[in-house]
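What follows is the content of model32.cif (mmCIF, C-alpha atoms, pLDDT in the B column; chains and numbers go by the auth columns).
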```cif
data_work
#
loop_
_atom_site.group_PDB
_atom_site.id
_atom_site.type_symbol
_atom_site.label_atom_id
_atom_site.label_comp_id
_atom_site.label_asym_id
_atom_site.label_seq_id
_atom_site.Cartn_x
_atom_site.Cartn_y
_atom_site.Cartn_z
_atom_site.B_iso_or_equiv
_atom_site.auth_seq_id
_atom_site.auth_asym_id
ATOM 1 C CA MET A 1 0.000 0.000 0.000 82.00 1 A
ATOM 2 C CA LYS A 2 1.357 3.396 -0.963 90.00 2 A
ATOM 3 C CA PRO A 3 2.007 5.692 2.007 95.00 3 A
ATOM 4 C CA GLN A 4 1.254 9.403 1.924 96.00 4 A
ATOM 5 C CA PHE A 5 4.874 10.038 2.941 96.00 5 A
ATOM 6 C CA ALA A 6 7.525 7.514 1.921 95.00 6 A
ATOM 7 C CA THR A 7 10.222 7.044 4.602 96.00 7 A
ATOM 8 C CA LYS A 8 13.388 4.956 4.602 97.00 8 A
ATOM 9 C CA TYR A 9 13.352 3.697 8.179 97.00 9 A
ATOM 10 C CA ARG A 10 13.554 -0.005 8.963 98.00 10 A
ATOM 11 C CA ALA A 11 9.859 -0.576 9.597 98.00 11 A
ATOM 12 C CA VAL A 12 7.169 -2.974 10.789 97.00 12 A
ATOM 13 C CA ALA A 13 4.955 -4.109 7.866 97.00 13 A
ATOM 14 C CA ALA A 14 1.707 -2.147 7.476 97.00 14 A
ATOM 15 C CA LYS A 15 -1.221 -4.476 8.148 97.00 15 A
ATOM 16 C CA PHE A 16 -4.324 -2.310 7.698 98.00 16 A
ATOM 17 C CA LYS A 17 -5.824 -1.064 4.447 97.00 17 A
ATOM 18 C CA THR A 18 -7.746 2.100 3.655 97.00 18 A
ATOM 19 C CA GLY A 19 -11.413 1.608 4.544 97.00 19 A
ATOM 20 C CA GLU A 20 -10.717 -1.147 7.057 98.00 20 A
ATOM 21 C CA ARG A 21 -12.463 -0.994 10.473 98.00 21 A
ATOM 22 C CA VAL A 22 -10.064 -0.823 13.404 98.00 22 A
ATOM 23 C CA ARG A 23 -10.440 -0.643 17.158 98.00 23 A
ATOM 24 C CA VAL A 24 -8.112 1.477 19.290 98.00 24 A
ATOM 25 C CA ARG A 25 -6.614 -0.532 22.148 97.00 25 A
ATOM 26 C CA LYS A 26 -8.144 0.344 25.510 95.00 26 A
ATOM 27 C CA SER A 27 -5.017 0.599 27.545 93.00 27 A
ATOM 28 C CA ALA A 28 -3.320 3.170 29.755 92.00 28 A
ATOM 29 C CA PRO A 29 0.345 2.275 30.125 92.00 29 A
ATOM 30 C CA LEU A 30 2.922 4.580 31.670 91.00 30 A
ATOM 31 C CA GLY A 31 5.250 6.574 29.427 93.00 31 A
ATOM 32 C CA HIS A 32 4.756 9.102 26.643 96.00 32 A
ATOM 33 C CA ILE A 33 1.611 8.078 24.745 96.00 33 A
ATOM 34 C CA ARG A 34 0.374 9.842 21.605 96.00 34 A
ATOM 35 C CA THR A 35 -2.985 8.071 21.400 97.00 35 A
ATOM 36 C CA PRO A 36 -5.546 10.386 23.062 97.00 36 A
ATOM 37 C CA PHE A 37 -7.252 8.849 26.079 96.00 37 A
ATOM 38 C CA TYR A 38 -10.734 9.728 24.838 97.00 38 A
ATOM 39 C CA ILE A 39 -10.434 7.639 21.673 97.00 39 A
ATOM 40 C CA ARG A 40 -9.142 4.451 23.291 97.00 40 A
ATOM 41 C CA GLY A 41 -11.612 1.572 22.901 97.00 41 A
ATOM 42 C CA HIS A 42 -13.449 3.244 19.976 98.00 42 A
ATOM 43 C CA VAL A 43 -13.870 1.808 16.473 98.00 43 A
ATOM 44 C CA GLY A 44 -13.029 3.823 13.366 98.00 44 A
ATOM 45 C CA GLU A 45 -12.119 3.428 9.726 98.00 45 A
ATOM 46 C CA VAL A 46 -8.648 3.764 8.213 98.00 46 A
ATOM 47 C CA GLU A 47 -8.757 6.953 6.118 98.00 47 A
ATOM 48 C CA ARG A 48 -5.164 6.742 4.878 98.00 48 A
ATOM 49 C CA TYR A 49 -1.790 5.206 5.520 98.00 49 A
ATOM 50 C CA CYS A 50 0.510 8.115 6.397 98.00 50 A
ATOM 51 C CA GLY A 51 3.816 6.222 6.356 98.00 51 A
ATOM 52 C CA ALA A 52 6.170 4.525 8.827 98.00 52 A
ATOM 53 C CA PHE A 53 7.794 6.681 11.528 98.00 53 A
ATOM 54 C CA PRO A 54 10.016 6.018 14.563 98.00 54 A
ATOM 55 C CA ASN A 55 7.868 5.114 17.570 98.00 55 A
ATOM 56 C CA PRO A 56 7.463 8.300 19.691 98.00 56 A
ATOM 57 C CA GLU A 57 7.009 6.192 22.836 98.00 57 A
ATOM 58 C CA GLU A 58 10.597 4.989 22.314 97.00 58 A
ATOM 59 C CA LEU A 59 12.004 8.325 21.108 97.00 59 A
ATOM 60 C CA ALA A 60 10.755 9.878 24.354 97.00 60 A
ATOM 61 C CA GLN A 61 12.948 7.430 26.304 96.00 61 A
ATOM 62 C CA MET A 62 16.121 8.300 24.372 94.00 62 A
ATOM 63 C CA ARG A 63 15.965 5.234 22.112 95.00 63 A
ATOM 64 C CA ASP A 64 15.861 5.243 18.304 95.00 64 A
ATOM 65 C CA GLY A 65 12.208 4.199 17.904 97.00 65 A
ATOM 66 C CA LEU A 66 13.080 1.521 15.343 98.00 66 A
ATOM 67 C CA PRO A 67 11.657 -0.475 13.755 98.00 67 A
ATOM 68 C CA ALA A 68 9.428 2.361 12.596 98.00 68 A
ATOM 69 C CA GLN A 69 5.695 1.965 13.239 98.00 69 A
ATOM 70 C CA PRO A 70 3.107 2.392 10.490 98.00 70 A
ATOM 71 C CA LEU A 71 0.992 5.482 11.151 98.00 71 A
ATOM 72 C CA TYR A 72 -2.623 5.747 9.980 98.00 72 A
ATOM 73 C CA ARG A 73 -5.181 8.513 9.892 98.00 73 A
ATOM 74 C CA VAL A 74 -8.286 6.962 11.408 98.00 74 A
ATOM 75 C CA ARG A 75 -11.760 8.439 11.006 98.00 75 A
ATOM 76 C CA PHE A 76 -14.316 8.185 13.819 98.00 76 A
ATOM 77 C CA LYS A 77 -17.969 9.243 13.852 98.00 77 A
ATOM 78 C CA GLN A 78 -18.447 12.106 16.313 97.00 78 A
ATOM 79 C CA LYS A 79 -21.770 10.571 17.420 96.00 79 A
ATOM 80 C CA GLU A 80 -20.009 7.325 18.347 96.00 80 A
ATOM 81 C CA VAL A 81 -17.251 9.070 20.271 97.00 81 A
ATOM 82 C CA TRP A 82 -19.480 11.528 22.163 94.00 82 A
ATOM 83 C CA PRO A 83 -22.893 10.086 23.081 89.00 83 A
ATOM 84 C CA ASP A 84 -24.325 13.609 23.633 92.00 84 A
ATOM 85 C CA TYR A 85 -22.982 15.017 20.333 93.00 85 A
ATOM 86 C CA ARG A 86 -25.643 17.197 18.700 94.00 86 A
ATOM 87 C CA GLY A 87 -24.085 17.932 15.293 96.00 87 A
ATOM 88 C CA PRO A 88 -24.939 16.129 12.036 97.00 88 A
ATOM 89 C CA ASP A 89 -24.449 12.336 11.809 95.00 89 A
ATOM 90 C CA SER A 90 -21.879 12.901 9.064 96.00 90 A
ATOM 91 C CA ASP A 91 -19.436 14.764 11.373 98.00 91 A
ATOM 92 C CA VAL A 92 -16.174 12.932 11.980 98.00 92 A
ATOM 93 C CA VAL A 93 -12.981 13.320 13.979 97.00 93 A
ATOM 94 C CA GLU A 94 -9.728 12.159 12.378 98.00 94 A
ATOM 95 C CA ILE A 95 -6.766 11.120 14.504 98.00 95 A
ATOM 96 C CA GLU A 96 -3.352 9.843 13.482 98.00 96 A
ATOM 97 C CA ILE A 97 -2.634 6.623 15.361 98.00 97 A
ATOM 98 C CA TYR A 98 0.291 4.199 15.260 98.00 98 A
ATOM 99 C CA GLN A 99 -0.350 0.598 14.259 98.00 99 A
ATOM 100 C CA HIS A 100 0.607 -0.918 17.626 98.00 100 A
ATOM 101 C CA TRP A 101 -2.406 0.888 19.124 98.00 101 A
ATOM 102 C CA LEU A 102 -4.838 -0.619 16.590 98.00 102 A
ATOM 103 C CA GLU A 103 -6.497 -4.005 16.151 98.00 103 A
ATOM 104 C CA LYS A 104 -8.910 -5.371 13.549 97.00 104 A
ATOM 105 C CA ALA A 105 -12.519 -4.524 14.525 95.00 105 A
ATOM 106 C CA MET B 1 -4.926 1.244 36.271 57.00 1 B
ATOM 107 C CA LEU B 2 -6.909 2.622 33.370 69.00 2 B
ATOM 108 C CA GLU B 3 -6.342 6.308 34.064 87.00 3 B
ATOM 109 C CA ARG B 4 -6.143 9.441 31.978 92.00 4 B
ATOM 110 C CA GLY B 5 -2.935 11.455 32.250 93.00 5 B
ATOM 111 C CA HIS B 6 -3.540 14.990 33.568 95.00 6 B
ATOM 112 C CA HIS B 7 -2.231 16.575 30.332 96.00 7 B
ATOM 113 C CA ASP B 8 -4.434 14.327 28.158 96.00 8 B
ATOM 114 C CA MET B 9 -7.490 16.599 28.431 93.00 9 B
ATOM 115 C CA GLY B 10 -9.040 16.198 24.980 92.00 10 B
ATOM 116 C CA GLY B 11 -12.827 16.019 25.256 88.00 11 B
ATOM 117 C CA LEU B 12 -13.115 17.527 28.726 91.00 12 B
ATOM 118 C CA PRO B 13 -15.309 20.617 29.240 88.00 13 B
ATOM 119 C CA ALA B 14 -13.112 23.679 28.652 87.00 14 B
ATOM 120 C CA GLY B 15 -15.217 26.830 28.734 87.00 15 B
ATOM 121 C CA LYS B 16 -14.879 29.636 26.233 92.00 16 B
ATOM 122 C CA VAL B 17 -11.616 30.191 24.361 89.00 17 B
ATOM 123 C CA GLU B 18 -10.524 33.853 24.199 91.00 18 B
ATOM 124 C CA PRO B 19 -7.830 34.338 21.542 93.00 19 B
ATOM 125 C CA THR B 20 -5.421 37.176 22.349 91.00 20 B
ATOM 126 C CA GLU B 21 -2.222 38.462 20.750 92.00 21 B
ATOM 127 C CA HIS B 22 0.882 39.017 22.839 88.00 22 B
ATOM 128 C CA ASP B 23 4.562 39.813 22.463 94.00 23 B
ATOM 129 C CA TYR B 24 7.227 37.287 23.364 95.00 24 B
ATOM 130 C CA PRO B 25 9.590 38.527 26.080 97.00 25 B
ATOM 131 C CA GLU B 26 13.316 38.028 25.470 97.00 26 B
ATOM 132 C CA TRP B 27 13.659 34.974 27.724 96.00 27 B
ATOM 133 C CA GLU B 28 10.880 33.152 25.844 97.00 28 B
ATOM 134 C CA ARG B 29 12.663 33.783 22.542 97.00 29 B
ATOM 135 C CA ARG B 30 15.857 32.392 24.062 97.00 30 B
ATOM 136 C CA VAL B 31 14.097 29.261 25.275 97.00 31 B
ATOM 137 C CA ASP B 32 12.632 28.768 21.814 97.00 32 B
ATOM 138 C CA ALA B 33 16.069 29.199 20.211 98.00 33 B
ATOM 139 C CA MET B 34 17.679 26.708 22.620 96.00 34 B
ATOM 140 C CA VAL B 35 15.016 24.105 21.916 96.00 35 B
ATOM 141 C CA GLN B 36 15.316 24.503 18.140 97.00 36 B
ATOM 142 C CA LEU B 37 19.131 24.365 18.178 97.00 37 B
ATOM 143 C CA LEU B 38 19.260 21.305 20.421 95.00 38 B
ATOM 144 C CA ARG B 39 16.609 19.577 18.333 95.00 39 B
ATOM 145 C CA LEU B 40 18.247 20.378 14.986 96.00 40 B
ATOM 146 C CA GLY B 41 21.611 19.309 16.400 94.00 41 B
ATOM 147 C CA GLY B 42 20.124 15.934 17.299 91.00 42 B
ATOM 148 C CA LYS B 43 20.732 16.442 21.043 92.00 43 B
ATOM 149 C CA ILE B 44 17.076 16.091 22.055 94.00 44 B
ATOM 150 C CA THR B 45 13.803 14.890 20.556 95.00 45 B
ATOM 151 C CA VAL B 46 10.470 16.688 20.806 95.00 46 B
ATOM 152 C CA ASP B 47 9.123 13.423 22.224 97.00 47 B
ATOM 153 C CA GLU B 48 11.427 13.717 25.244 97.00 48 B
ATOM 154 C CA LEU B 49 10.324 17.312 25.729 97.00 49 B
ATOM 155 C CA ARG B 50 6.690 16.246 25.644 97.00 50 B
ATOM 156 C CA LYS B 51 7.386 13.383 28.064 97.00 51 B
ATOM 157 C CA ASN B 52 8.911 15.789 30.574 97.00 52 B
ATOM 158 C CA ILE B 53 6.092 18.318 30.176 97.00 53 B
ATOM 159 C CA GLU B 54 3.567 15.533 30.742 96.00 54 B
ATOM 160 C CA ALA B 55 5.508 14.478 33.844 95.00 55 B
ATOM 161 C CA LEU B 56 4.916 17.851 35.550 96.00 56 B
ATOM 162 C CA PRO B 57 2.731 17.595 38.659 96.00 57 B
ATOM 163 C CA PRO B 58 -0.885 18.542 37.724 96.00 58 B
ATOM 164 C CA GLU B 59 -0.766 21.812 39.735 97.00 59 B
ATOM 165 C CA ALA B 60 2.429 22.871 37.958 97.00 60 B
ATOM 166 C CA TYR B 61 1.022 21.797 34.582 97.00 61 B
ATOM 167 C CA ASP B 62 -1.998 24.073 35.101 95.00 62 B
ATOM 168 C CA LYS B 63 -0.057 27.002 36.564 97.00 63 B
ATOM 169 C CA LEU B 64 3.054 27.291 34.370 97.00 64 B
ATOM 170 C CA SER B 65 2.916 29.301 31.142 95.00 65 B
ATOM 171 C CA TYR B 66 3.753 27.731 27.788 95.00 66 B
ATOM 172 C CA TYR B 67 7.451 28.656 27.828 97.00 67 B
ATOM 173 C CA GLU B 68 7.780 28.002 31.547 97.00 68 B
ATOM 174 C CA LYS B 69 6.737 24.432 30.736 98.00 69 B
ATOM 175 C CA TRP B 70 9.297 24.338 27.913 97.00 70 B
ATOM 176 C CA ILE B 71 12.240 25.532 30.020 97.00 71 B
ATOM 177 C CA SER B 72 11.326 23.204 32.863 97.00 72 B
ATOM 178 C CA SER B 73 11.121 20.260 30.460 97.00 73 B
ATOM 179 C CA LEU B 74 14.280 21.236 28.572 97.00 74 B
ATOM 180 C CA THR B 75 16.232 21.449 31.840 96.00 75 B
ATOM 181 C CA GLN B 76 14.951 18.029 32.935 96.00 76 B
ATOM 182 C CA THR B 77 15.942 16.591 29.541 97.00 77 B
ATOM 183 C CA MET B 78 19.474 18.060 29.784 96.00 78 B
ATOM 184 C CA ILE B 79 19.882 16.467 33.218 96.00 79 B
ATOM 185 C CA GLN B 80 18.564 13.108 31.974 96.00 80 B
ATOM 186 C CA ARG B 81 20.937 13.263 29.008 95.00 81 B
ATOM 187 C CA GLY B 82 23.910 14.045 31.239 94.00 82 B
ATOM 188 C CA VAL B 83 24.599 17.399 29.541 93.00 83 B
ATOM 189 C CA ILE B 84 24.345 19.175 32.896 95.00 84 B
ATOM 190 C CA THR B 85 24.099 17.888 36.456 97.00 85 B
ATOM 191 C CA SER B 86 21.613 19.016 39.099 98.00 86 B
ATOM 192 C CA ALA B 87 24.562 20.256 41.177 98.00 87 B
ATOM 193 C CA GLU B 88 25.854 22.445 38.330 97.00 88 B
ATOM 194 C CA LEU B 89 22.376 23.800 37.761 97.00 89 B
ATOM 195 C CA ALA B 90 21.941 24.591 41.464 97.00 90 B
ATOM 196 C CA ARG B 91 25.285 26.439 41.567 97.00 91 B
ATOM 197 C CA LYS B 92 24.363 28.485 38.500 95.00 92 B
ATOM 198 C CA MET B 93 20.924 29.330 39.873 95.00 93 B
ATOM 199 C CA GLU B 94 22.480 30.554 43.133 96.00 94 B
ATOM 200 C CA GLU B 95 24.950 32.653 41.156 96.00 95 B
ATOM 201 C CA VAL B 96 22.145 34.277 39.149 93.00 96 B
ATOM 202 C CA GLU B 97 20.123 34.811 42.301 94.00 97 B
ATOM 203 C CA LYS B 98 23.080 36.708 43.873 95.00 98 B
ATOM 204 C CA ARG B 99 23.398 38.885 40.785 92.00 99 B
ATOM 205 C CA ARG B 100 19.800 40.012 41.253 82.00 100 B
ATOM 206 C CA ARG B 101 20.341 41.217 44.825 79.00 101 B
#
```
As structure tokens:
Amino acid sequence: MKPQFATKYRAVAAKFKTGERVRVRKSAPLGHIRTPFYIRGHVGEVERYCGAFPNPEELAQMRDGLPAQPLYRVRFKQKEVWPDYRGPDSDVVEIEIYQHWLEKA
Amino acid sequence: MLERGHHDMGGLPAGKVEPTEHDYPEWERRVDAMVQLLRLGGKITVDELRKNIEALPPEAYDKLSYYEKWISSLTQTMIQRGVITSAELARKMEEVEKRRR
């Protein structure tokens, strides 16, 4: 699958395709985590594959973050994320999430 | 221990946002320059800076200004990286304090 940004890092293979349904892992480990708390446990759809980038959780601990982790832009329905959301059903929130935080839904 | 980090406040009620313009005092410009130079020189990563900002106690996180958070985090990162020691920092801070009196 063609990434939006091609990188040359040694990387983990990308396992999700555009349009695929994914669930964000519901986990709260210690450390520097880029996956927002509010989206954990929710199901969305892969909007695009951004490319493979060094894992920020590792970079934050002074390590090289390799192998690089595939990064996706995932699209969630606002109504599913916020039960009291009053905007149109078509409203979405898009979040860039690394592959190790995603599983097949 | 499924708990939200204090900094991770996306989705919480926030009240009204009032955008205002302001000038950057000299020390804030210096902090910005130090961060950019250290980052471009490969001495630090923005991820480390974020980690150390997120590690601030909640009261400090809420109270400190944007660049106060940056300088606090940058200092912590320099100590963790072994560029400076806490003892050296303490000596320098005392020296500066004396200059002010």
Give as number ranges by chain every residue, naming chains and numbers as the document does, that has an atom within 10 Å of (1.9, 17.1, 31.0), counting all atoms listed in the file.
A: 32; B: 5-9, 49-58, 60-62, 69, 73
Export, as a PDB file, in the coordinates of the input, the selected residues with C-alpha atoms.
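Saved the output as selection.pdb:
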```
ATOM      1  CA  HIS A  32       4.756   9.102  26.643  1.00 96.00           C
TER       2      HIS A  32
ATOM      3  CA  GLY B   5      -2.935  11.455  32.250  1.00 93.00           C
ATOM      4  CA  HIS B   6      -3.540  14.990  33.568  1.00 95.00           C
ATOM      5  CA  HIS B   7      -2.231  16.575  30.332  1.00 96.00           C
ATOM      6  CA  ASP B   8      -4.434  14.327  28.158  1.00 96.00           C
ATOM      7  CA  MET B   9      -7.490  16.599  28.431  1.00 93.00           C
ATOM      8  CA  LEU B  49      10.324  17.312  25.729  1.00 97.00           C
ATOM      9  CA  ARG B  50       6.690  16.246  25.644  1.00 97.00           C
ATOM     10  CA  LYS B  51       7.386  13.383  28.064  1.00 97.00           C
ATOM     11  CA  ASN B  52       8.911  15.789  30.574  1.00 97.00           C
ATOM     12  CA  ILE B  53       6.092  18.318  30.176  1.00 97.00           C
ATOM     13  CA  GLU B  54       3.567  15.533  30.742  1.00 96.00           C
ATOM     14  CA  ALA B  55       5.508  14.478  33.844  1.00 95.00           C
ATOM     15  CA  LEU B  56       4.916  17.851  35.550  1.00 96.00           C
ATOM     16  CA  PRO B  57       2.731  17.595  38.659  1.00 96.00           C
ATOM     17  CA  PRO B  58      -0.885  18.542  37.724  1.00 96.00           C
ATOM     18  CA  ALA B  60       2.429  22.871  37.958  1.00 97.00           C
ATOM     19  CA  TYR B  61       1.022  21.797  34.582  1.00 97.00           C
ATOM     20  CA  ASP B  62      -1.998  24.073  35.101  1.00 95.00           C
ATOM     21  CA  LYS B  69       6.737  24.432  30.736  1.00 98.00           C
ATOM     22  CA  SER B  73      11.121  20.260  30.460  1.00 97.00           C
TER      23      SER B  73
END
```
Nearest residue to Val93 of chain A from the set A:Ile39, A:Leu59, A:Leu71, A:Ala105 (distances using only C-alpha atoms)
A:Ile39
Of the candidates B:Leu40, B:Met34, B:Met78, B:Ile71, which one gets nearest to chain A if we count all atoms listed in the file?
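Once distances to chain A are computed over all atoms listed in the file, the minimum belongs to B:Met78.
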Taking the file as I've supplied it (selection: the PyMOL selection byres ((chain B and resi 42-47) around 12)), which residues are included? Please answer as number ranges by chain.
A: 31-34, 54-65; B: 34-41, 48-54, 70, 73-83
Once 3 Å is added on each side, what are the centre and the three edge lengths, in Å to one decimal, of the axis-aligned box enclosing the listed atoms of segment 69-84 of chain B? Present them as lines of an AutoDock Vina configuration file.
```
center_x = 15.7
center_y = 19.3
center_z = 30.6
size_x = 23.9
size_y = 18.4
size_z = 11.3
```
Looking at A:Lys26, A:His42, A:Arg73, A:Lys17, which one is nearest to chain B, with distances taken over only C-alpha atoms?
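Nearest to chain B: A:Lys26.
If you look at atom CA of Pro36 of chain A and atom CA of Gly10 of chain B, they are 7.0 Å away from each other.
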I need the output of the PyMOL selection byres ((chain A and resi 16) around 10) for this file as an mmCIF file with C-alpha atoms, keeping the file's coordinate frame; which residues are they?
```cif
data_model
loop_
_atom_site.group_PDB
_atom_site.id
_atom_site.type_symbol
_atom_site.label_atom_id
_atom_site.label_comp_id
_atom_site.auth_asym_id
_atom_site.auth_seq_id
_atom_site.Cartn_x
_atom_site.Cartn_y
_atom_site.Cartn_z
ATOM 1 C CA MET A 1 0.000 0.000 0.000
ATOM 2 C CA ALA A 13 4.955 -4.109 7.866
ATOM 3 C CA ALA A 14 1.707 -2.147 7.476
ATOM 4 C CA LYS A 15 -1.221 -4.476 8.148
ATOM 5 C CA LYS A 17 -5.824 -1.064 4.447
ATOM 6 C CA THR A 18 -7.746 2.100 3.655
ATOM 7 C CA GLY A 19 -11.413 1.608 4.544
ATOM 8 C CA GLU A 20 -10.717 -1.147 7.057
ATOM 9 C CA ARG A 21 -12.463 -0.994 10.473
ATOM 10 C CA VAL A 22 -10.064 -0.823 13.404
ATOM 11 C CA GLU A 45 -12.119 3.428 9.726
ATOM 12 C CA VAL A 46 -8.648 3.764 8.213
ATOM 13 C CA ARG A 48 -5.164 6.742 4.878
ATOM 14 C CA TYR A 49 -1.790 5.206 5.520
ATOM 15 C CA PRO A 70 3.107 2.392 10.490
ATOM 16 C CA TYR A 72 -2.623 5.747 9.980
ATOM 17 C CA GLN A 99 -0.350 0.598 14.259
ATOM 18 C CA LEU A 102 -4.838 -0.619 16.590
ATOM 19 C CA GLU A 103 -6.497 -4.005 16.151
ATOM 20 C CA LYS A 104 -8.910 -5.371 13.549
#
```
Where does the PyMOL selection byres ((chain A and resi 79-90) around 10) land in this file, that is, which residues does it pick, as a VMD selection string?
(chain A and resid 38 to 44 76 to 78 91 to 93) or (chain B and resid 11)
Kindly indicate which residue among A:Val74, A:Gly51, A:Glu94, A:Pro67 lies nearest to Thr7 of chain A, using only C-alpha atoms for the distances.
A:Gly51
State, in Å with one decimal place, the distance from atom CA of Tyr98 of chain A to atom CA of Phe53 of chain A.
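Distance between the two atoms: 8.7 Å.
Pairwise distance (atom CA of Leu66 of chain A, atom CA of His100 of chain A) equals 12.9 Å.
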Skip Tyr67 of chain B itself and residues of its chain fewer than 4 positions away, then list as a PyMOL selection string all residues within 10 Å of it, counting all atoms listed in the file.
chain B and resi 24+27-32+71-73
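Considering the residues A:Ala68, A:Ile95, A:Ala28, A:Cys50 and counting only C-alpha atoms, chain B has its shortest atom-to-atom contact with A:Ala28.
With only C-alpha atoms as the atoms that count, the residue of A:Lys2, A:Lys8, A:Arg25, A:Gln69 with the shortest distance to chain B is A:Arg25.
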Anything within 9 Å of (-4.0, 6.4, 32.8): list those residues as a compact mmCIF listing (two decimals) with C-alpha atoms, in the frame of the given file, counting all atoms listed in the file and sticking to the file's coordinates.
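Saved as part_20.txt:
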```txt
# COMPACT_ATOMS: atom_id res chain seq x y z
CA SER A 27 -5.02 0.60 27.54
CA ALA A 28 -3.32 3.17 29.76
CA PRO A 29 0.34 2.28 30.12
CA LEU A 30 2.92 4.58 31.67
CA PHE A 37 -7.25 8.85 26.08
CA MET B 1 -4.93 1.24 36.27
CA LEU B 2 -6.91 2.62 33.37
CA GLU B 3 -6.34 6.31 34.06
CA ARG B 4 -6.14 9.44 31.98
CA GLY B 5 -2.94 11.46 32.25
CA HIS B 6 -3.54 14.99 33.57
```
